[in-house]
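Printed here is run_27.json (JSON, C-alpha atoms):
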[["chain", "number", "residue", "atom", "x", "y", "z"],
["Z", 1, "MET", "CA", 0.00, 0.00, 0.00],
["Z", 2, "LEU", "CA", 1.43, 3.38, -1.01],
["Z", 3, "SER", "CA", 1.39, 5.87, 1.82],
["Z", 4, "ARG", "CA", 1.07, 9.63, 1.45],
["Z", 5, "ARG", "CA", 4.79, 10.05, 1.98],
["Z", 6, "GLY", "CA", 5.71, 8.01, -1.10],
["Z", 7, "LYS", "CA", 6.64, 4.84, 0.72],
["Z", 8, "ILE", "CA", 5.35, 1.31, 0.33],
["Z", 9, "ASP", "CA", 4.18, -0.37, 3.52],
["Z", 10, "PHE", "CA", 4.86, -4.10, 3.35],
["Z", 11, "GLY", "CA", 2.80, -4.75, 6.48],
["Z", 12, "ALA", "CA", 5.75, -5.78, 8.64],
["Z", 13, "GLY", "CA", 6.75, -2.23, 9.52],
["Z", 14, "LYS", "CA", 9.36, -1.99, 6.75],
["Z", 15, "PHE", "CA", 9.24, 0.68, 4.08],
["Z", 16, "MET", "CA", 10.78, 1.03, 0.67],
["Z", 17, "ASP", "CA", 11.28, 4.53, -0.67],
["Z", 18, "ILE", "CA", 9.90, 5.18, -4.11],
["Z", 19, "GLU", "CA", 12.21, 7.74, -5.66],
["Z", 20, "SER", "CA", 10.37, 8.17, -8.94],
["Z", 21, "PRO", "CA", 7.65, 6.67, -11.14],
["Z", 22, "GLU", "CA", 10.42, 5.05, -13.20],
["Z", 23, "GLN", "CA", 11.67, 3.18, -10.14],
["Z", 24, "LEU", "CA", 8.16, 1.90, -9.40],
["Z", 25, "ILE", "CA", 7.81, 0.73, -13.03],
["Z", 26, "HIS", "CA", 11.19, -1.01, -12.76],
["Z", 27, "ALA", "CA", 10.07, -2.81, -9.58],
["Z", 28, "ALA", "CA", 6.79, -3.85, -11.21],
["Z", 29, "ARG", "CA", 8.58, -5.21, -14.29],
["Z", 30, "SER", "CA", 11.03, -7.11, -12.11],
["Z", 31, "GLY", "CA", 8.12, -8.70, -10.27],
["Z", 32, "MET", "CA", 6.40, -9.62, -13.53],
["Z", 33, "ASN", "CA", 9.57, -11.23, -14.88],
["Z", 34, "THR", "CA", 10.32, -13.25, -11.76],
["Z", 35, "ASP", "CA", 9.79, -16.99, -11.94],
["Z", 36, "PRO", "CA", 6.70, -17.78, -9.79],
["Z", 37, "ALA", "CA", 8.64, -20.62, -8.16],
["Z", 38, "TRP", "CA", 10.83, -17.96, -6.52],
["Z", 39, "TYR", "CA", 7.89, -16.74, -4.47],
["Z", 40, "GLU", "CA", 7.30, -20.25, -3.14],
["Z", 41, "VAL", "CA", 10.93, -20.42, -1.99],
["Z", 42, "ALA", "CA", 10.84, -16.89, -0.53],
["Z", 43, "ALA", "CA", 7.69, -17.74, 1.46],
["Z", 44, "ILE", "CA", 9.51, -20.53, 3.33],
["Z", 45, "ILE", "CA", 10.84, -18.75, 6.40],
["Z", 46, "ASP", "CA", 13.42, -21.46, 7.12],
["Z", 47, "GLY", "CA", 14.50, -21.43, 3.47],
["Z", 48, "TRP", "CA", 17.01, -18.68, 4.18],
["Z", 49, "ALA", "CA", 18.70, -20.49, 7.01],
["Z", 50, "TRP", "CA", 21.02, -22.92, 5.22],
["Z", 51, "SER", "CA", 23.25, -25.05, 7.34],
["Z", 52, "ASP", "CA", 26.96, -24.93, 6.56],
["Z", 53, "GLU", "CA", 26.61, -28.34, 4.90],
["Z", 54, "GLU", "CA", 23.73, -27.13, 2.67],
["Z", 55, "ALA", "CA", 25.68, -24.00, 1.72],
["Z", 56, "ARG", "CA", 28.74, -26.11, 0.82],
["Z", 57, "ASP", "CA", 26.57, -28.47, -1.26],
["Z", 58, "ILE", "CA", 24.90, -25.60, -3.15],
["Z", 59, "THR", "CA", 28.05, -23.59, -3.78],
["Z", 60, "SER", "CA", 30.28, -26.57, -4.64],
["Z", 61, "ASN", "CA", 28.46, -26.86, -7.96],
["Z", 62, "LEU", "CA", 29.18, -23.27, -9.01],
["Z", 63, "LYS", "CA", 31.71, -23.12, -11.80],
["Z", 64, "CYS", "CA", 31.34, -19.47, -12.81],
["Z", 65, "ALA", "CA", 32.68, -16.26, -11.32],
["Z", 66, "VAL", "CA", 30.45, -14.87, -8.58],
["Z", 67, "HIS", "CA", 30.10, -11.23, -7.57],
["Z", 68, "ILE", "CA", 27.73, -10.07, -4.85],
["Z", 69, "ALA", "CA", 26.53, -6.47, -4.77],
["Z", 70, "HIS", "CA", 24.81, -5.87, -1.45],
["Z", 71, "GLY", "CA", 23.40, -2.91, 0.37],
["Z", 72, "ASN", "CA", 22.76, -1.74, 3.90],
["Z", 73, "PRO", "CA", 20.51, -4.09, 5.92],
["Z", 74, "ALA", "CA", 19.10, -1.09, 7.81],
["Z", 75, "LEU", "CA", 17.80, 0.14, 4.43],
["Z", 76, "GLY", "CA", 16.35, -3.19, 3.32],
["Z", 77, "SER", "CA", 19.24, -5.30, 2.04],
["Z", 78, "MET", "CA", 18.58, -9.01, 2.36],
["Z", 79, "ILE", "CA", 22.32, -9.76, 2.56],
["Z", 80, "ARG", "CA", 24.36, -8.99, 5.64],
["Z", 81, "ARG", "CA", 28.15, -8.83, 5.52],
["Z", 82, "GLU", "CA", 28.41, -11.50, 8.20],
["Z", 83, "GLY", "CA", 26.08, -13.68, 6.11],
["Z", 84, "LEU", "CA", 28.83, -13.99, 3.53],
["Z", 85, "GLN", "CA", 30.73, -16.04, 6.09],
["Z", 86, "SER", "CA", 28.81, -19.17, 5.06],
["Z", 87, "LEU", "CA", 30.13, -18.69, 1.51],
["Z", 88, "ASP", "CA", 33.65, -18.33, 2.89],
["Z", 89, "ASP", "CA", 33.13, -21.48, 5.00],
["Z", 90, "ALA", "CA", 31.92, -23.33, 1.89],
["Z", 91, "GLY", "CA", 35.11, -22.36, 0.07],
["Z", 92, "LEU", "CA", 33.38, -20.33, -2.64],
["Z", 93, "ALA", "CA", 35.66, -17.92, -4.45],
["Z", 94, "TYR", "CA", 33.69, -14.72, -4.95],
["Z", 95, "SER", "CA", 34.01, -10.97, -4.84],
["Z", 96, "ALA", "CA", 31.61, -8.57, -3.15],
["Z", 97, "THR", "CA", 30.86, -4.87, -3.01],
["Z", 98, "TYR", "CA", 28.98, -3.19, -0.18],
["Z", 99, "PHE", "CA", 26.85, -0.15, -1.04],
["Z", 100, "GLU", "CA", 26.19, 1.63, 2.24],
["Z", 101, "THR", "CA", 23.68, 4.22, 0.98],
["Z", 102, "VAL", "CA", 21.11, 1.79, -0.49],
["Z", 103, "GLY", "CA", 19.14, -1.24, 0.61],
["Z", 104, "HIS", "CA", 17.78, -4.03, -1.56],
["Z", 105, "VAL", "CA", 17.34, -2.21, -4.89],
["Z", 106, "ILE", "CA", 20.84, -1.14, -5.90],
["Z", 107, "SER", "CA", 20.87, -0.94, -9.70],
["Z", 108, "ALA", "CA", 17.78, 1.27, -10.00],
["Z", 109, "VAL", "CA", 18.63, 3.61, -7.11],
["Z", 110, "ILE", "CA", 22.32, 4.22, -7.84],
["Z", 111, "PRO", "CA", 22.78, 3.03, -11.42],
["Z", 112, "ARG", "CA", 26.16, 4.67, -12.12],
["Z", 113, "PRO", "CA", 28.02, 3.26, -9.10],
["Z", 114, "TYR", "CA", 26.36, -0.10, -9.68],
["Z", 115, "LEU", "CA", 27.35, -0.17, -13.38],
["Z", 116, "ALA", "CA", 30.91, 0.89, -12.51],
["Z", 117, "ASP", "CA", 31.11, -1.97, -10.01],
["Z", 118, "LEU", "CA", 29.69, -4.43, -12.54],
["Z", 119, "LYS", "CA", 32.13, -3.23, -15.20],
["Z", 120, "GLN", "CA", 35.06, -3.64, -12.82],
["Z", 121, "PHE", "CA", 33.94, -7.18, -11.98],
["Z", 122, "LEU", "CA", 33.50, -8.16, -15.63],
["Z", 123, "GLU", "CA", 36.89, -6.71, -16.56],
["Z", 124, "SER", "CA", 38.47, -8.76, -13.77],
["Z", 125, "ILE", "CA", 37.13, -12.06, -15.15],
["Z", 126, "LEU", "CA", 37.46, -11.48, -18.89]]
Show the structure stored in the file as structure tokens.
Amino acid sequence: MLSRRGKIDFGAGKFMDIESPEQLIHAARSGMNTDPAWYEVAAIIDGWAWSDEEARDITSNLKCAVHIAHGNPALGSMIRREGLQSLDDAGLAYSATYFETVGHVISAVIPRPYLADLKQFLESIL
């Protein structure tokens, strides 16, 4: 539900700022293009709490370069810096960039820093 102050209330007391109509359209398109099976996984509360063994099993099959762009949990990021520890424990080689001024939606809110980070990552693996 959109409040008068331009924020979406997700019912759990969290808010996501809507910076512009373009950002709202981007969020809507992202939702429309998301595989419906994702919502079933996201609805499982315990689905986010992988054991170290599960994390090792999942990540051991990754053969490509991995880069994680993550924001500030206080602003809505679903990834916490300390959460990357399970990837370290699983032996996954990855790179990560922390964007302190944004939460979950990084690319739409700060597109230039995000694209610069993505370009740097791609140049490092090509």
Hey, can you check how far CA of Tyr98 in chain Z sits from CA of Asn72 in chain Z?
7.6 Å
For Thr101 in chain Z, which residue out of Z:Leu115, Z:Cys64, Z:Leu75, Z:Ile58 is the nearest one, using all atoms listed in the file?
Z:Leu75
Quick one: residues within 8 Å of Leu92 in chain Z, all atoms listed in the file, excluding same-chain residues fewer than 5 positions away - as an mmCIF file with C-alpha atoms, in the frame of the given file?
data_model
loop_
_atom_site.group_PDB
_atom_site.id
_atom_site.type_symbol
_atom_site.label_atom_id
_atom_site.label_comp_id
_atom_site.auth_asym_id
_atom_site.auth_seq_id
_atom_site.Cartn_x
_atom_site.Cartn_y
_atom_site.Cartn_z
ATOM 1 C CA THR Z 59 28.050 -23.590 -3.780
ATOM 2 C CA SER Z 60 30.280 -26.570 -4.640
ATOM 3 C CA LEU Z 87 30.130 -18.690 1.510
#
Could you check how far CA of Ala65 in chain Z sits from CA of Ala93 in chain Z, in Å to one decimal?
7.7 Å
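Counting from CA of Ser86 in chain Z, the distance to CA of Ala69 in chain Z is 16.2 Å.
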Let me make sure I understand: among Z:Gln120, Z:Gln23, Z:Ser30, Z:Asn61, which one has the smallest atom-to-atom distance to Gly91 in chain Z if we use all atoms listed in the file?
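Looking at the shortest contact to Gly91 in chain Z, the residue is Z:Asn61.
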Taking all atoms listed in the file into account, which of Z:Leu118, Z:Ile25, Z:Ile79, Z:Leu126 comes nearest His67 in chain Z?
Z:Leu118
Could you add the missing atoms to range 91-113 of chain Z, up to N, CA, C and O atoms, and return them as a PDB file, in the frame of the given file?
ATOM      1  N   GLY Z  91      33.980 -22.404   0.986  1.00  0.00           N
ATOM      2  CA  GLY Z  91      35.110 -22.360   0.070  1.00  0.00           C
ATOM      3  C   GLY Z  91      34.806 -21.747  -1.282  1.00  0.00           C
ATOM      4  O   GLY Z  91      35.540 -21.967  -2.240  1.00  0.00           O
ATOM      5  N   LEU Z  92      33.736 -20.965  -1.364  1.00  0.00           N
ATOM      6  CA  LEU Z  92      33.380 -20.330  -2.640  1.00  0.00           C
ATOM      7  C   LEU Z  92      34.276 -19.126  -2.879  1.00  0.00           C
ATOM      8  O   LEU Z  92      34.433 -18.268  -2.018  1.00  0.00           O
ATOM      9  N   ALA Z  93      34.878 -19.085  -4.055  1.00  0.00           N
ATOM     10  CA  ALA Z  93      35.660 -17.920  -4.450  1.00  0.00           C
ATOM     11  C   ALA Z  93      34.686 -16.911  -5.055  1.00  0.00           C
ATOM     12  O   ALA Z  93      34.000 -17.207  -6.021  1.00  0.00           O
ATOM     13  N   TYR Z  94      34.609 -15.751  -4.485  1.00  0.00           N
ATOM     14  CA  TYR Z  94      33.690 -14.720  -4.950  1.00  0.00           C
ATOM     15  C   TYR Z  94      34.270 -13.352  -4.616  1.00  0.00           C
ATOM     16  O   TYR Z  94      35.212 -13.229  -3.844  1.00  0.00           O
ATOM     17  N   SER Z  95      33.678 -12.336  -5.221  1.00  0.00           N
ATOM     18  CA  SER Z  95      34.010 -10.970  -4.840  1.00  0.00           C
ATOM     19  C   SER Z  95      32.700 -10.305  -4.406  1.00  0.00           C
ATOM     20  O   SER Z  95      31.612 -10.783  -4.746  1.00  0.00           O
ATOM     21  N   ALA Z  96      32.814  -9.234  -3.654  1.00  0.00           N
ATOM     22  CA  ALA Z  96      31.610  -8.570  -3.150  1.00  0.00           C
ATOM     23  C   ALA Z  96      31.872  -7.076  -3.011  1.00  0.00           C
ATOM     24  O   ALA Z  96      32.995  -6.658  -2.740  1.00  0.00           O
ATOM     25  N   THR Z  97      30.814  -6.308  -3.214  1.00  0.00           N
ATOM     26  CA  THR Z  97      30.860  -4.870  -3.010  1.00  0.00           C
ATOM     27  C   THR Z  97      29.701  -4.467  -2.135  1.00  0.00           C
ATOM     28  O   THR Z  97      28.555  -4.860  -2.391  1.00  0.00           O
ATOM     29  N   TYR Z  98      30.001  -3.691  -1.113  1.00  0.00           N
ATOM     30  CA  TYR Z  98      28.980  -3.190  -0.180  1.00  0.00           C
ATOM     31  C   TYR Z  98      28.642  -1.750  -0.540  1.00  0.00           C
ATOM     32  O   TYR Z  98      29.534  -0.907  -0.651  1.00  0.00           O
ATOM     33  N   PHE Z  99      27.347  -1.489  -0.749  1.00  0.00           N
ATOM     34  CA  PHE Z  99      26.850  -0.150  -1.040  1.00  0.00           C
ATOM     35  C   PHE Z  99      26.096   0.357   0.178  1.00  0.00           C
ATOM     36  O   PHE Z  99      24.945  -0.040   0.418  1.00  0.00           O
ATOM     37  N   GLU Z 100      26.731   1.206   0.950  1.00  0.00           N
ATOM     38  CA  GLU Z 100      26.190   1.630   2.240  1.00  0.00           C
ATOM     39  C   GLU Z 100      24.932   2.493   2.132  1.00  0.00           C
ATOM     40  O   GLU Z 100      24.085   2.470   3.026  1.00  0.00           O
ATOM     41  N   THR Z 101      24.766   3.234   1.049  1.00  0.00           N
ATOM     42  CA  THR Z 101      23.680   4.220   0.980  1.00  0.00           C
ATOM     43  C   THR Z 101      22.373   3.672   0.420  1.00  0.00           C
ATOM     44  O   THR Z 101      21.406   4.416   0.288  1.00  0.00           O
ATOM     45  N   VAL Z 102      22.327   2.382   0.065  1.00  0.00           N
ATOM     46  CA  VAL Z 102      21.110   1.790  -0.490  1.00  0.00           C
ATOM     47  C   VAL Z 102      20.788   0.485   0.224  1.00  0.00           C
ATOM     48  O   VAL Z 102      21.621  -0.067   0.938  1.00  0.00           O
ATOM     49  N   GLY Z 103      19.569   0.013   0.003  1.00  0.00           N
ATOM     50  CA  GLY Z 103      19.140  -1.240   0.610  1.00  0.00           C
ATOM     51  C   GLY Z 103      19.119  -2.376  -0.388  1.00  0.00           C
ATOM     52  O   GLY Z 103      20.143  -2.771  -0.921  1.00  0.00           O
ATOM     53  N   HIS Z 104      17.921  -2.868  -0.694  1.00  0.00           N
ATOM     54  CA  HIS Z 104      17.780  -4.030  -1.560  1.00  0.00           C
ATOM     55  C   HIS Z 104      17.929  -3.675  -3.040  1.00  0.00           C
ATOM     56  O   HIS Z 104      18.558  -4.405  -3.795  1.00  0.00           O
ATOM     57  N   VAL Z 105      17.331  -2.581  -3.478  1.00  0.00           N
ATOM     58  CA  VAL Z 105      17.340  -2.210  -4.890  1.00  0.00           C
ATOM     59  C   VAL Z 105      18.548  -1.313  -5.150  1.00  0.00           C
ATOM     60  O   VAL Z 105      18.516  -0.130  -4.851  1.00  0.00           O
ATOM     61  N   ILE Z 106      19.598  -1.886  -5.695  1.00  0.00           N
ATOM     62  CA  ILE Z 106      20.840  -1.140  -5.900  1.00  0.00           C
ATOM     63  C   ILE Z 106      20.890  -0.548  -7.310  1.00  0.00           C
ATOM     64  O   ILE Z 106      21.107   0.649  -7.484  1.00  0.00           O
ATOM     65  N   SER Z 107      20.674  -1.380  -8.312  1.00  0.00           N
ATOM     66  CA  SER Z 107      20.870  -0.940  -9.700  1.00  0.00           C
ATOM     67  C   SER Z 107      19.953   0.201 -10.098  1.00  0.00           C
ATOM     68  O   SER Z 107      20.353   1.079 -10.849  1.00  0.00           O
ATOM     69  N   ALA Z 108      18.718   0.210  -9.609  1.00  0.00           N
ATOM     70  CA  ALA Z 108      17.780   1.270 -10.000  1.00  0.00           C
ATOM     71  C   ALA Z 108      17.989   2.556  -9.201  1.00  0.00           C
ATOM     72  O   ALA Z 108      17.697   3.641  -9.683  1.00  0.00           O
ATOM     73  N   VAL Z 109      18.486   2.437  -7.980  1.00  0.00           N
ATOM     74  CA  VAL Z 109      18.630   3.610  -7.110  1.00  0.00           C
ATOM     75  C   VAL Z 109      19.942   4.342  -7.378  1.00  0.00           C
ATOM     76  O   VAL Z 109      19.976   5.572  -7.431  1.00  0.00           O
ATOM     77  N   ILE Z 110      21.018   3.608  -7.539  1.00  0.00           N
ATOM     78  CA  ILE Z 110      22.320   4.220  -7.840  1.00  0.00           C
ATOM     79  C   ILE Z 110      22.929   3.532  -9.065  1.00  0.00           C
ATOM     80  O   ILE Z 110      23.903   2.792  -8.965  1.00  0.00           O
ATOM     81  N   PRO Z 111      22.349   3.771 -10.234  1.00  0.00           N
ATOM     82  CA  PRO Z 111      22.780   3.030 -11.420  1.00  0.00           C
ATOM     83  C   PRO Z 111      24.240   3.232 -11.818  1.00  0.00           C
ATOM     84  O   PRO Z 111      24.908   2.290 -12.235  1.00  0.00           O
ATOM     85  N   ARG Z 112      24.771   4.453 -11.687  1.00  0.00           N
ATOM     86  CA  ARG Z 112      26.160   4.670 -12.120  1.00  0.00           C
ATOM     87  C   ARG Z 112      27.168   3.937 -11.244  1.00  0.00           C
ATOM     88  O   ARG Z 112      28.053   3.249 -11.772  1.00  0.00           O
ATOM     89  N   PRO Z 113      27.083   4.054  -9.910  1.00  0.00           N
ATOM     90  CA  PRO Z 113      28.020   3.260  -9.100  1.00  0.00           C
ATOM     91  C   PRO Z 113      27.843   1.757  -9.302  1.00  0.00           C
ATOM     92  O   PRO Z 113      28.820   1.012  -9.332  1.00  0.00           O
TER      93      PRO Z 113
END
